[in-house]
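**Student:** See target.json below, with JSON, C-alpha atoms.
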```json
[["chain", "number", "residue", "atom", "x", "y", "z"],
["A", 1, "MET", "CA", -17.52, 12.53, 19.60],
["A", 2, "GLU", "CA", -13.94, 12.80, 20.82],
["A", 3, "LYS", "CA", -13.20, 11.68, 24.34],
["A", 4, "PHE", "CA", -11.00, 14.35, 25.89],
["A", 5, "LEU", "CA", -8.55, 13.79, 28.71],
["A", 6, "PRO", "CA", -9.98, 15.21, 31.97],
["A", 7, "VAL", "CA", -7.25, 17.77, 32.77],
["A", 8, "ALA", "CA", -6.12, 20.67, 30.56],
["A", 9, "TYR", "CA", -3.50, 23.39, 30.94],
["A", 10, "LEU", "CA", -4.40, 27.05, 30.37],
["A", 11, "GLN", "CA", -3.02, 30.39, 31.59],
["A", 12, "ASN", "CA", -0.26, 28.76, 33.64],
["A", 13, "ARG", "CA", -2.47, 26.36, 35.57],
["A", 14, "PHE", "CA", -4.04, 22.93, 35.32],
["A", 15, "LEU", "CA", -7.81, 22.73, 35.45],
["A", 16, "PRO", "CA", -10.71, 20.48, 34.35],
["A", 17, "PHE", "CA", -11.00, 20.33, 30.57],
["A", 18, "GLN", "CA", -14.57, 21.66, 30.57],
["A", 19, "ASP", "CA", -13.41, 24.77, 32.47],
["A", 20, "ALA", "CA", -10.54, 25.56, 30.09],
["A", 21, "THR", "CA", -12.27, 28.26, 28.03],
["A", 22, "ILE", "CA", -11.19, 31.45, 26.24],
["A", 23, "SER", "CA", -12.99, 34.64, 25.23],
["A", 24, "ILE", "CA", -14.86, 34.99, 21.94],
["A", 25, "ALA", "CA", -12.67, 38.07, 21.36],
["A", 26, "THR", "CA", -9.41, 36.10, 21.50],
["A", 27, "HIS", "CA", -7.08, 37.47, 18.82],
["A", 28, "ALA", "CA", -5.95, 34.08, 17.50],
["A", 29, "LEU", "CA", -9.54, 33.00, 16.90],
["A", 30, "HIS", "CA", -9.99, 35.81, 14.39],
["A", 31, "TYR", "CA", -6.59, 35.93, 12.70],
["A", 32, "GLY", "CA", -5.12, 32.45, 12.95],
["A", 33, "THR", "CA", -2.19, 33.80, 14.97],
["A", 34, "GLY", "CA", -1.36, 30.54, 16.65],
["A", 35, "ALA", "CA", 0.87, 27.51, 16.28],
["A", 36, "PHE", "CA", 0.21, 23.99, 17.42],
["A", 37, "GLY", "CA", 1.97, 20.73, 17.99],
["A", 38, "GLY", "CA", 0.78, 17.17, 18.17],
["A", 39, "MET", "CA", 2.25, 14.06, 19.68],
["A", 40, "ARG", "CA", 1.07, 10.56, 20.41],
["A", 41, "GLY", "CA", 1.31, 8.78, 23.70],
["A", 42, "ILE", "CA", 0.58, 5.19, 24.67],
["A", 43, "PRO", "CA", 0.61, 3.23, 27.91],
["A", 44, "ASP", "CA", 3.81, 1.19, 27.93],
["A", 45, "PRO", "CA", 2.82, -2.38, 26.92],
["A", 46, "GLN", "CA", 5.62, -3.73, 29.16],
["A", 47, "ASN", "CA", 5.08, -1.41, 32.14],
["A", 48, "PRO", "CA", 1.61, -0.21, 33.20],
["A", 49, "ASN", "CA", 3.18, 2.49, 35.39],
["A", 50, "GLN", "CA", 4.58, 4.59, 32.58],
["A", 51, "ILE", "CA", 3.49, 6.38, 29.41],
["A", 52, "LEU", "CA", 5.60, 6.41, 26.23],
["A", 53, "LEU", "CA", 5.91, 9.52, 24.07],
["A", 54, "PHE", "CA", 7.50, 9.33, 20.62],
["A", 55, "ARG", "CA", 10.32, 11.82, 19.87],
["A", 56, "PHE", "CA", 9.13, 14.09, 22.64],
["A", 57, "ASP", "CA", 12.19, 16.34, 22.49],
["A", 58, "ARG", "CA", 11.88, 17.00, 18.76],
["A", 59, "HIS", "CA", 8.21, 17.89, 19.06],
["A", 60, "CYS", "CA", 8.95, 20.37, 21.84],
["A", 61, "GLN", "CA", 11.83, 21.90, 19.87],
["A", 62, "ARG", "CA", 9.62, 22.37, 16.81],
["A", 63, "LEU", "CA", 6.86, 23.99, 18.85],
["A", 64, "SER", "CA", 9.37, 26.34, 20.46],
["A", 65, "ALA", "CA", 10.62, 27.30, 16.99],
["A", 66, "SER", "CA", 7.02, 27.91, 15.88],
["A", 67, "ALA", "CA", 6.55, 30.18, 18.90],
["A", 68, "LYS", "CA", 9.49, 32.31, 17.75],
["A", 69, "MET", "CA", 7.68, 32.91, 14.48],
["A", 70, "LEU", "CA", 4.87, 34.41, 16.55],
["A", 71, "HIS", "CA", 7.32, 36.60, 18.52],
["A", 72, "PHE", "CA", 6.87, 34.44, 21.61],
["A", 73, "ASP", "CA", 9.82, 33.15, 23.62],
["A", 74, "LEU", "CA", 8.78, 29.75, 24.93],
["A", 75, "PRO", "CA", 11.75, 27.45, 25.61],
["A", 76, "ALA", "CA", 11.52, 23.81, 24.57],
["A", 77, "ASP", "CA", 12.42, 22.63, 28.07],
["A", 78, "LYS", "CA", 9.46, 24.52, 29.56],
["A", 79, "ILE", "CA", 7.14, 22.93, 26.99],
["A", 80, "GLN", "CA", 8.57, 19.50, 27.76],
["A", 81, "GLN", "CA", 8.19, 19.87, 31.53],
["A", 82, "THR", "CA", 4.63, 21.20, 31.26],
["A", 83, "ILE", "CA", 3.56, 18.34, 28.98],
["A", 84, "THR", "CA", 5.20, 15.86, 31.36],
["A", 85, "ASP", "CA", 3.14, 17.30, 34.22],
["A", 86, "PHE", "CA", 0.05, 17.21, 31.99],
["A", 87, "VAL", "CA", 0.51, 13.49, 31.27],
["A", 88, "GLN", "CA", 1.10, 12.68, 34.93],
["A", 89, "LYS", "CA", -2.04, 14.50, 36.00],
["A", 90, "ASN", "CA", -4.21, 12.76, 33.37],
["A", 91, "LYS", "CA", -2.75, 9.24, 33.72],
["A", 92, "PRO", "CA", -4.20, 8.02, 30.38],
["A", 93, "THR", "CA", -4.93, 4.31, 30.06],
["A", 94, "VAL", "CA", -5.36, 4.11, 26.27],
["A", 95, "SER", "CA", -3.60, 5.50, 23.19],
["A", 96, "PHE", "CA", -3.98, 9.27, 23.12],
["A", 97, "TYR", "CA", -2.98, 12.48, 21.35],
["A", 98, "ILE", "CA", -1.60, 15.63, 22.94],
["A", 99, "ARG", "CA", -2.38, 19.02, 21.42],
["A", 100, "PRO", "CA", -0.20, 21.90, 22.72],
["A", 101, "PHE", "CA", -1.18, 25.28, 21.29],
["A", 102, "ILE", "CA", 0.56, 28.67, 21.35],
["A", 103, "TYR", "CA", -1.62, 31.64, 20.49],
["A", 104, "THR", "CA", -2.17, 35.37, 20.78],
["A", 105, "SER", "CA", -4.47, 35.49, 23.77],
["A", 106, "GLY", "CA", -5.05, 39.26, 23.81],
["A", 107, "LEU", "CA", -8.47, 40.65, 22.94],
["A", 108, "GLY", "CA", -7.45, 43.37, 20.48],
["A", 109, "ILE", "CA", -8.78, 43.52, 16.93],
["A", 110, "ALA", "CA", -5.77, 44.68, 14.90],
["A", 111, "PRO", "CA", -3.86, 41.86, 13.17],
["A", 112, "ARG", "CA", -0.37, 41.91, 14.68],
["A", 113, "LEU", "CA", 2.19, 39.96, 16.69],
["A", 114, "HIS", "CA", 3.72, 42.85, 18.65],
["A", 115, "ASN", "CA", 2.28, 44.38, 21.82],
["A", 116, "ILE", "CA", -0.20, 41.59, 22.41],
["A", 117, "GLU", "CA", -0.42, 38.91, 25.09],
["A", 118, "LYS", "CA", 0.35, 35.32, 24.22],
["A", 119, "ASP", "CA", -0.44, 32.08, 26.00],
["A", 120, "PHE", "CA", 0.29, 28.38, 25.87],
["A", 121, "LEU", "CA", -2.33, 25.69, 26.43],
["A", 122, "ILE", "CA", -2.50, 21.91, 26.31],
["A", 123, "TYR", "CA", -5.31, 19.43, 26.02],
["A", 124, "GLY", "CA", -5.53, 15.80, 24.93],
["A", 125, "LEU", "CA", -7.91, 13.21, 23.61],
["A", 126, "GLU", "CA", -8.07, 9.49, 23.12],
["A", 127, "LEU", "CA", -7.03, 8.53, 19.59],
["A", 128, "ALA", "CA", -6.73, 5.21, 17.79],
["A", 129, "ASP", "CA", -5.94, 4.98, 14.06],
["A", 130, "TYR", "CA", -6.46, 8.32, 12.28],
["A", 131, "LEU", "CA", -6.36, 6.69, 8.83],
["A", 132, "SER", "CA", -7.08, 3.07, 7.96],
["A", 133, "PRO", "CA", -3.98, 0.84, 8.07],
["A", 134, "GLU", "CA", -5.59, -1.14, 5.25],
["A", 135, "GLY", "CA", -5.11, 1.73, 2.81],
["A", 136, "VAL", "CA", -6.72, 5.03, 1.88],
["A", 137, "THR", "CA", -7.94, 6.65, -1.32],
["A", 138, "CYS", "CA", -6.69, 10.09, -2.36],
["A", 139, "ARG", "CA", -7.61, 12.80, -4.80],
["A", 140, "VAL", "CA", -5.36, 15.57, -6.02],
["A", 141, "SER", "CA", -6.79, 18.71, -4.53],
["A", 142, "SER", "CA", -7.85, 21.75, -6.53],
["A", 143, "TRP", "CA", -6.27, 23.79, -3.72],
["A", 144, "CYS", "CA", -2.50, 24.24, -3.61],
["A", 145, "ARG", "CA", -0.08, 24.50, -0.73],
["A", 146, "GLN", "CA", 1.04, 27.98, 0.29],
["A", 147, "GLU", "CA", 4.58, 29.19, -0.34],
["A", 148, "ASP", "CA", 7.12, 29.76, 2.43],
["A", 149, "ARG", "CA", 7.51, 33.37, 1.26],
["A", 150, "SER", "CA", 3.87, 34.01, 2.18],
["A", 151, "LEU", "CA", 3.69, 31.98, 5.39],
["A", 152, "PRO", "CA", 6.39, 30.38, 7.60],
["A", 153, "LEU", "CA", 5.65, 26.78, 6.66],
["A", 154, "ARG", "CA", 8.39, 25.29, 8.84],
["A", 155, "GLY", "CA", 6.15, 26.06, 11.77],
["A", 156, "LYS", "CA", 2.73, 24.52, 12.35],
["A", 157, "ILE", "CA", 1.03, 27.91, 12.07],
["A", 158, "SER", "CA", -2.70, 27.51, 12.57],
["A", 159, "ALA", "CA", -3.67, 29.94, 9.78],
["A", 160, "ALA", "CA", -2.01, 27.64, 7.21],
["A", 161, "TYR", "CA", -4.50, 24.89, 7.95],
["A", 162, "ILE", "CA", -7.40, 26.59, 6.19],
["A", 163, "THR", "CA", -5.91, 25.12, 3.01],
["A", 164, "SER", "CA", -5.70, 21.70, 4.64],
["A", 165, "SER", "CA", -9.31, 22.01, 5.79],
["A", 166, "LEU", "CA", -10.56, 22.99, 2.33],
["A", 167, "ALA", "CA", -8.61, 20.16, 0.71],
["A", 168, "LYS", "CA", -9.72, 17.53, 3.23],
["A", 169, "THR", "CA", -13.40, 18.43, 2.93],
["A", 170, "GLU", "CA", -13.16, 18.53, -0.87],
["A", 171, "ALA", "CA", -11.67, 15.04, -0.81],
["A", 172, "ILE", "CA", -14.27, 13.60, 1.57],
["A", 173, "GLU", "CA", -17.18, 15.15, -0.31],
["A", 174, "SER", "CA", -15.74, 13.76, -3.56],
["A", 175, "GLY", "CA", -15.74, 10.23, -2.15],
["A", 176, "PHE", "CA", -12.07, 9.98, -1.13],
["A", 177, "ASP", "CA", -10.36, 9.59, 2.23],
["A", 178, "GLU", "CA", -7.59, 12.16, 1.86],
["A", 179, "ALA", "CA", -6.26, 14.96, -0.33],
["A", 180, "ILE", "CA", -2.87, 15.40, -1.98],
["A", 181, "LEU", "CA", -1.79, 19.01, -2.34],
["A", 182, "MET", "CA", 0.44, 20.33, -5.10],
["A", 183, "ASN", "CA", 2.64, 23.36, -4.52],
["A", 184, "THR", "CA", 2.58, 26.58, -6.55],
["A", 185, "GLN", "CA", 5.17, 25.10, -8.93],
["A", 186, "GLY", "CA", 2.85, 22.22, -9.80],
["A", 187, "LYS", "CA", 4.86, 19.61, -7.90],
["A", 188, "VAL", "CA", 3.58, 17.14, -5.32],
["A", 189, "CYS", "CA", 3.79, 18.64, -1.83],
["A", 190, "GLU", "CA", 1.99, 16.76, 0.94],
["A", 191, "ALA", "CA", -1.41, 15.55, 2.12],
["A", 192, "SER", "CA", -3.81, 17.67, 4.18],
["A", 193, "GLY", "CA", -1.84, 17.03, 7.37],
["A", 194, "MET", "CA", 0.78, 14.42, 6.45],
["A", 195, "ASN", "CA", 3.94, 14.00, 4.42],
["A", 196, "ILE", "CA", 3.94, 11.73, 1.37],
["A", 197, "PHE", "CA", 6.35, 9.04, 0.12],
["A", 198, "LEU", "CA", 6.46, 6.81, -2.93],
["A", 199, "MET", "CA", 8.51, 3.81, -3.98],
["A", 200, "ARG", "CA", 9.69, 3.53, -7.60],
["A", 201, "ASN", "CA", 12.13, 0.94, -8.88],
["A", 202, "GLY", "CA", 13.49, 0.22, -5.41],
["A", 203, "THR", "CA", 14.00, 3.87, -4.42],
["A", 204, "LEU", "CA", 12.11, 5.69, -1.68],
["A", 205, "ILE", "CA", 11.19, 9.17, -2.92],
["A", 206, "THR", "CA", 9.70, 12.13, -1.06],
["A", 207, "PRO", "CA", 9.42, 15.89, -1.73],
["A", 208, "GLY", "CA", 12.30, 17.88, -0.23],
["A", 209, "PHE", "CA", 12.10, 20.85, 2.12],
["A", 210, "GLU", "CA", 12.31, 23.26, -0.83],
["A", 211, "GLN", "CA", 8.87, 22.01, -1.96],
["A", 212, "ASP", "CA", 7.06, 23.94, 0.82],
["A", 213, "ILE", "CA", 6.43, 20.87, 2.95],
["A", 214, "LEU", "CA", 6.22, 20.73, 6.73],
["A", 215, "GLU", "CA", 9.43, 19.39, 8.26],
["A", 216, "GLY", "CA", 7.66, 16.34, 9.62],
["A", 217, "ILE", "CA", 9.11, 14.46, 12.58],
["A", 218, "THR", "CA", 7.57, 11.16, 11.48],
["A", 219, "ARG", "CA", 8.94, 11.89, 8.00],
["A", 220, "ASP", "CA", 12.42, 12.27, 9.48],
["A", 221, "SER", "CA", 11.97, 9.02, 11.40],
["A", 222, "VAL", "CA", 10.92, 7.13, 8.25],
["A", 223, "LEU", "CA", 13.93, 8.46, 6.34],
["A", 224, "THR", "CA", 16.30, 7.46, 9.15],
["A", 225, "ILE", "CA", 14.88, 3.93, 9.35],
["A", 226, "ALA", "CA", 14.97, 3.54, 5.55],
["A", 227, "ARG", "CA", 18.61, 4.63, 5.40],
["A", 228, "ASP", "CA", 19.49, 2.16, 8.13],
["A", 229, "LEU", "CA", 17.77, -0.57, 6.10],
["A", 230, "GLY", "CA", 19.88, 0.32, 3.08],
["A", 231, "ILE", "CA", 16.94, 1.56, 1.01],
["A", 232, "PRO", "CA", 18.03, 4.14, -1.61],
["A", 233, "ILE", "CA", 16.44, 7.55, -0.92],
["A", 234, "GLN", "CA", 15.75, 10.62, -3.03],
["A", 235, "GLU", "CA", 14.44, 13.90, -1.59],
["A", 236, "ARG", "CA", 13.44, 15.86, -4.67],
["A", 237, "PRO", "CA", 10.56, 17.43, -6.63],
["A", 238, "VAL", "CA", 7.88, 14.87, -7.50],
["A", 239, "ASP", "CA", 5.57, 15.08, -10.50],
["A", 240, "ARG", "CA", 1.90, 14.19, -10.21],
["A", 241, "SER", "CA", 2.25, 11.48, -12.86],
["A", 242, "GLU", "CA", 4.87, 9.69, -10.75],
["A", 243, "LEU", "CA", 2.26, 8.97, -8.11],
["A", 244, "LEU", "CA", 0.08, 7.16, -10.64],
["A", 245, "ILE", "CA", 2.80, 4.73, -11.69],
["A", 246, "ALA", "CA", 4.47, 4.26, -8.32],
["A", 247, "ASP", "CA", 5.05, 0.81, -6.87],
["A", 248, "GLU", "CA", 3.93, 2.05, -3.44],
["A", 249, "VAL", "CA", 2.63, 5.31, -1.99],
["A", 250, "PHE", "CA", 2.11, 6.07, 1.69],
["A", 251, "LEU", "CA", 1.35, 9.01, 3.96],
["A", 252, "CYS", "CA", 2.97, 9.59, 7.33],
["A", 253, "GLY", "CA", 2.48, 11.86, 10.30],
["A", 254, "THR", "CA", 1.99, 11.89, 14.05],
["A", 255, "ALA", "CA", -1.73, 11.11, 13.84],
["A", 256, "ALA", "CA", -1.61, 9.00, 10.67],
["A", 257, "LYS", "CA", 1.59, 7.07, 11.55],
["A", 258, "VAL", "CA", 2.31, 5.22, 8.27],
["A", 259, "ALA", "CA", -0.83, 4.85, 6.12],
["A", 260, "PRO", "CA", -0.68, 3.10, 2.73],
["A", 261, "VAL", "CA", -2.45, 4.66, -0.26],
["A", 262, "LYS", "CA", -4.43, 2.17, -2.34],
["A", 263, "ARG", "CA", -5.90, 4.49, -4.98],
["A", 264, "ILE", "CA", -5.19, 7.98, -6.34],
["A", 265, "GLU", "CA", -8.03, 9.47, -8.35],
["A", 266, "ASN", "CA", -9.12, 6.57, -10.60],
["A", 267, "TYR", "CA", -5.72, 4.84, -10.58],
["A", 268, "GLU", "CA", -5.44, 1.69, -8.48],
["A", 269, "LEU", "CA", -2.04, 1.18, -6.87],
["A", 270, "PRO", "CA", -0.40, -2.23, -6.34],
["A", 271, "LYS", "CA", -1.76, -4.22, -3.39],
["A", 272, "ASP", "CA", 1.71, -5.55, -2.56],
["A", 273, "ARG", "CA", 3.39, -2.93, -0.33],
["A", 274, "PRO", "CA", 6.45, -4.58, 1.23],
["A", 275, "ILE", "CA", 8.43, -1.42, 2.04],
["A", 276, "THR", "CA", 5.41, 0.44, 3.44],
["A", 277, "LEU", "CA", 4.56, -2.49, 5.71],
["A", 278, "GLN", "CA", 8.16, -2.94, 6.81],
["A", 279, "LEU", "CA", 8.52, 0.74, 7.73],
["A", 280, "ARG", "CA", 5.15, 0.71, 9.51],
["A", 281, "GLU", "CA", 6.05, -2.38, 11.53],
["A", 282, "ILE", "CA", 9.42, -0.97, 12.59],
["A", 283, "LEU", "CA", 7.91, 2.41, 13.51],
["A", 284, "THR", "CA", 5.21, 0.68, 15.55],
["A", 285, "ALA", "CA", 7.85, -1.35, 17.38],
["A", 286, "VAL", "CA", 9.80, 1.84, 18.08],
["A", 287, "THR", "CA", 6.79, 3.68, 19.55],
["A", 288, "GLU", "CA", 6.04, 0.66, 21.76],
["A", 289, "ASN", "CA", 9.64, 0.66, 23.04],
["A", 290, "ARG", "CA", 10.39, -2.72, 21.46],
["A", 291, "SER", "CA", 13.37, -1.50, 19.42],
["A", 292, "GLU", "CA", 16.84, -1.29, 20.97],
["A", 293, "LYS", "CA", 18.20, 0.59, 17.95],
["A", 294, "TYR", "CA", 15.85, 3.57, 18.29],
["A", 295, "ARG", "CA", 15.23, 3.48, 22.03],
["A", 296, "ASP", "CA", 16.40, 7.07, 22.42],
["A", 297, "TRP", "CA", 13.37, 8.18, 20.35],
["A", 298, "VAL", "CA", 10.99, 7.01, 23.10],
["A", 299, "PHE", "CA", 10.50, 9.00, 26.29],
["A", 300, "PRO", "CA", 8.97, 7.16, 29.26],
["A", 301, "ILE", "CA", 6.96, 9.21, 31.74],
["A", 302, "PRO", "CA", 6.14, 7.57, 35.10],
["A", 303, "VAL", "CA", 2.49, 7.87, 36.13]]
```
Represent the supplied structure as structure tokens.
**Tutor:**
Amino acid sequence: MEKFLPVAYLQNRFLPFQDATISIATHALHYGTGAFGGMRGIPDPQNPNQILLFRFDRHCQRLSASAKMLHFDLPADKIQQTITDFVQKNKPTVSFYIRPFIYTSGLGIAPRLHNIEKDFLIYGLELADYLSPEGVTCRVSSWCRQEDRSLPLRGKISAAYITSSLAKTEAIESGFDEAILMNTQGKVCEASGMNIFLMRNGTLITPGFEQDILEGITRDSVLTIARDLGIPIQERPVDRSELLIADEVFLCGTAAKVAPVKRIENYELPKDRPITLQLREILTAVTENRSEKYRDWVFPIPV
């Protein structure tokens, strides 16, 4: 069972997590008319009196943009201040995950985004590694990623995650750890809730934005670090067969961080993963505020 942080935020006030409830008639519950964010926080290893959040500003900007897709004006600076207050009230002592959620809070039954109340809530839970740092197994899902013309995929719209849920359960029940989704053009897209990278012949390759991927913040961080290391990069369509002959494959995301892939379907991938490990180590150092180069990615919050 998850261990939730004791204080939540709902309907413009902070209250005990167990009291933060909504009606069974809530519009978003029935129609998926919501958008969420997710960010990790850790107690500062060098300073017990502050919490570190990774790329806090970018996460708040993306959530604000997602809100616009739901016809909700929620400025990024308001999100950032509310989450700061949330962290200070909870004073977490272990690694944790913050889940802000924007949703249609009205109780009407017609699917719509106009003339309906909206709200913004936050809760959090303790979270260690989401995927094993030793490597995960993946299957190619029978479900495919939606297209941007049918759903605004640049936002973390909650309705889109039915596909992720179907794919993840299919993978687990098939004996794998994670699913890889193809897009409607038959190209590699992403995992159930993470972006995907592969190394081939010294080049780091990942599907581009035109492949219906989420514009991942960890993905952007990995690309920036790789460029600074002088690693050649290609953002382009990726064929399924490329995954099977790759030198390295890894997944990345806020919850997953950088997680190596050790097997895809019945194809074993190389055990030597120097670039994956290097990127993971640097990203870990950044999130722990041990990197001067990327210090502006880390936001300390006094508690």
**Student:** Take atom CA of A:Leu251 and atom CA of A:Phe299 and report the distance between them in Å, one decimal.
**Tutor:** 24.1 Å
**Student:** Can you check which parts of stretch 44-95 of chain A lie within 12 Å of stretch 127-144 of chain A? Per residue, the shortest pair of atoms and distance in Å to one decimal, counting all atoms listed in the file, sorted by chain and number, as CSV.
**Tutor:**
```
residue,atom,partner,partner_atom,distance
A:Pro92,CA,A:Leu127,CA,11.2
A:Thr93,CA,A:Leu127,CA,11.5
A:Val94,CA,A:Leu127,CA,8.2
A:Ser95,CA,A:Leu127,CA,5.8
```
**Student:** Within 10 Å of stretch 60-69 of chain A, counting only C-alpha atoms, which residues qualify if same-chain residues fewer than 6 places away don't, as a short mmCIF file (atom, residue, chain, number, x, y, z; two decimals) with C-alpha atoms, in the frame of the given file?
**Tutor:**
```cif
data_model
loop_
_atom_site.label_atom_id
_atom_site.label_comp_id
_atom_site.auth_asym_id
_atom_site.auth_seq_id
_atom_site.Cartn_x
_atom_site.Cartn_y
_atom_site.Cartn_z
CA THR A 33 -2.19 33.80 14.97
CA GLY A 34 -1.36 30.54 16.65
CA ALA A 35 0.87 27.51 16.28
CA PHE A 36 0.21 23.99 17.42
CA GLY A 37 1.97 20.73 17.99
CA GLY A 38 0.78 17.17 18.17
CA MET A 39 2.25 14.06 19.68
CA PRO A 75 11.75 27.45 25.61
CA ALA A 76 11.52 23.81 24.57
CA ASP A 77 12.42 22.63 28.07
CA LYS A 78 9.46 24.52 29.56
CA ILE A 79 7.14 22.93 26.99
CA GLN A 80 8.57 19.50 27.76
CA GLN A 81 8.19 19.87 31.53
CA ILE A 83 3.56 18.34 28.98
CA PRO A 100 -0.20 21.90 22.72
CA PHE A 101 -1.18 25.28 21.29
CA ILE A 102 0.56 28.67 21.35
CA TYR A 103 -1.62 31.64 20.49
CA LEU A 113 2.19 39.96 16.69
CA LYS A 118 0.35 35.32 24.22
CA PHE A 120 0.29 28.38 25.87
CA LEU A 151 3.69 31.98 5.39
CA PRO A 152 6.39 30.38 7.60
CA LEU A 153 5.65 26.78 6.66
CA ARG A 154 8.39 25.29 8.84
CA GLY A 155 6.15 26.06 11.77
CA LYS A 156 2.73 24.52 12.35
CA ILE A 157 1.03 27.91 12.07
CA GLU A 215 9.43 19.39 8.26
CA GLY A 216 7.66 16.34 9.62
CA ILE A 217 9.11 14.46 12.58
#
```
**Student:** Could you check which of A:Gln185, A:Lys91, A:Arg40, A:Leu121 is closest to A:Gly253, using all atoms listed in the file?
**Tutor:**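 Ranked by minimum distance to A:Gly253, first place goes to A:Arg40.
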**Student:** With only C-alpha atoms as the basis for distance, which of A:Ile275, A:Ala167, A:Ile213, A:Val249 is at the shortest distance from A:Ile180?
**Tutor:**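 Among the listed residues, the smallest separation from A:Ile180 belongs to A:Ala167.
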**Student:** Compare A:Ala159, A:Ala8, A:Ala110, A:Ile196 by their minimum atom-to-atom distance to A:Thr276, counting all atoms listed in the file, and give me the closest one.
**Tutor:** A:Ile196
**Student:** Between A:Ser241, A:Ser105, A:Gln18, A:Thr169, which has the minimum distance to A:Lys3 (counting only C-alpha atoms)?
**Tutor:** A:Gln18
**Student:** I'd like the interatomic distance between atom CA of A:Arg112 and atom CA of A:Arg13, to a tenth of an Å.
**Tutor:**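 Interatomic distance, atom CA of A:Arg112 to atom CA of A:Arg13: 26.1 Å.
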**Student:** For atom CA of A:Pro302 and atom CA of A:Arg58, determine how far apart the two atoms are, in Å to one decimal place.
**Tutor:**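 Atom CA of A:Pro302 sits 19.7 Å away from atom CA of A:Arg58.
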**Student:** List the spatial neighbours of A:Met194 as a ChimeraX atom specification - criterion: any atom at most 10 Å away, all atoms listed in the file, same-chain residues fewer than 6 positions off excluded.
**Tutor:** /A:164,178-180,213-214,216,218-219,250-259
**Student:** Using all atoms listed in the file, which protein or nucleic acid residues come within 10 Å of stretch 282-290 of chain A? Drop anything in the same chain fewer than 2 positions from it, and give the result as an MDAnalysis selection string.
**Tutor:** chainID A and resid 40:46 51:55 218 221:222 225 257:258 277:280 292:300
**Student:** Next, the residues of the selection above should be written as a PDB file, in the frame of the given file with C-alpha atoms.
**Tutor:**
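The result, stored in out.pdb:
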```
ATOM      1  CA  ARG A  40       1.070  10.560  20.410  1.00  0.00           C
ATOM      2  CA  GLY A  41       1.310   8.780  23.700  1.00  0.00           C
ATOM      3  CA  ILE A  42       0.580   5.190  24.670  1.00  0.00           C
ATOM      4  CA  PRO A  43       0.610   3.230  27.910  1.00  0.00           C
ATOM      5  CA  ASP A  44       3.810   1.190  27.930  1.00  0.00           C
ATOM      6  CA  PRO A  45       2.820  -2.380  26.920  1.00  0.00           C
ATOM      7  CA  GLN A  46       5.620  -3.730  29.160  1.00  0.00           C
ATOM      8  CA  ILE A  51       3.490   6.380  29.410  1.00  0.00           C
ATOM      9  CA  LEU A  52       5.600   6.410  26.230  1.00  0.00           C
ATOM     10  CA  LEU A  53       5.910   9.520  24.070  1.00  0.00           C
ATOM     11  CA  PHE A  54       7.500   9.330  20.620  1.00  0.00           C
ATOM     12  CA  ARG A  55      10.320  11.820  19.870  1.00  0.00           C
ATOM     13  CA  THR A 218       7.570  11.160  11.480  1.00  0.00           C
ATOM     14  CA  SER A 221      11.970   9.020  11.400  1.00  0.00           C
ATOM     15  CA  VAL A 222      10.920   7.130   8.250  1.00  0.00           C
ATOM     16  CA  ILE A 225      14.880   3.930   9.350  1.00  0.00           C
ATOM     17  CA  LYS A 257       1.590   7.070  11.550  1.00  0.00           C
ATOM     18  CA  VAL A 258       2.310   5.220   8.270  1.00  0.00           C
ATOM     19  CA  LEU A 277       4.560  -2.490   5.710  1.00  0.00           C
ATOM     20  CA  GLN A 278       8.160  -2.940   6.810  1.00  0.00           C
ATOM     21  CA  LEU A 279       8.520   0.740   7.730  1.00  0.00           C
ATOM     22  CA  ARG A 280       5.150   0.710   9.510  1.00  0.00           C
ATOM     23  CA  GLU A 292      16.840  -1.290  20.970  1.00  0.00           C
ATOM     24  CA  LYS A 293      18.200   0.590  17.950  1.00  0.00           C
ATOM     25  CA  TYR A 294      15.850   3.570  18.290  1.00  0.00           C
ATOM     26  CA  ARG A 295      15.230   3.480  22.030  1.00  0.00           C
ATOM     27  CA  ASP A 296      16.400   7.070  22.420  1.00  0.00           C
ATOM     28  CA  TRP A 297      13.370   8.180  20.350  1.00  0.00           C
ATOM     29  CA  VAL A 298      10.990   7.010  23.100  1.00  0.00           C
ATOM     30  CA  PHE A 299      10.500   9.000  26.290  1.00  0.00           C
ATOM     31  CA  PRO A 300       8.970   7.160  29.260  1.00  0.00           C
TER      32      PRO A 300
END
```
**Student:** Quick one: 8 Å padding each side, axis-aligned, all listed atoms of stretch 169-174 of chain A - centre and edge lengths in Å to one decimal, as lines of an AutoDock Vina configuration file?
**Tutor:**
```
center_x = -14.4
center_y = 16.1
center_z = -0.3
size_x = 21.5
size_y = 20.9
size_z = 22.5
```
**Student:** Identify which of the residues A:Ala160, A:Val188, A:Leu74, A:Val7 lies closest to A:Val87, counting only C-alpha atoms when measuring atom-to-atom distances.
**Tutor:**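 Among the listed residues, A:Val7 lies closest to A:Val87.
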**Student:** Counting only C-alpha atoms, find the residues whose atoms lie at most 10 Å from (0.6, 9.0, -7.0) (file coordinates) and write them out as an MDAnalysis selection string.
**Tutor:** chainID A and resid 138:140 180 188 196:199 238:250 261:265 267:269
**Student:** Go through A:Pro6, A:Ala191, A:Gln88, A:Ser291 one by one, measure the shortest atom-to-atom distance of each to A:Asn49 using only C-alpha atoms, and give the residue with the smallest value.
**Tutor:** A:Gln88
**Student:** Do a neighbour search on A:Arg236 at 7 Å with all atoms listed in the file, toss out local chain neighbours closer than 5 positions, and write the hits as a ChimeraX atom specification.
**Tutor:** /A:206-208
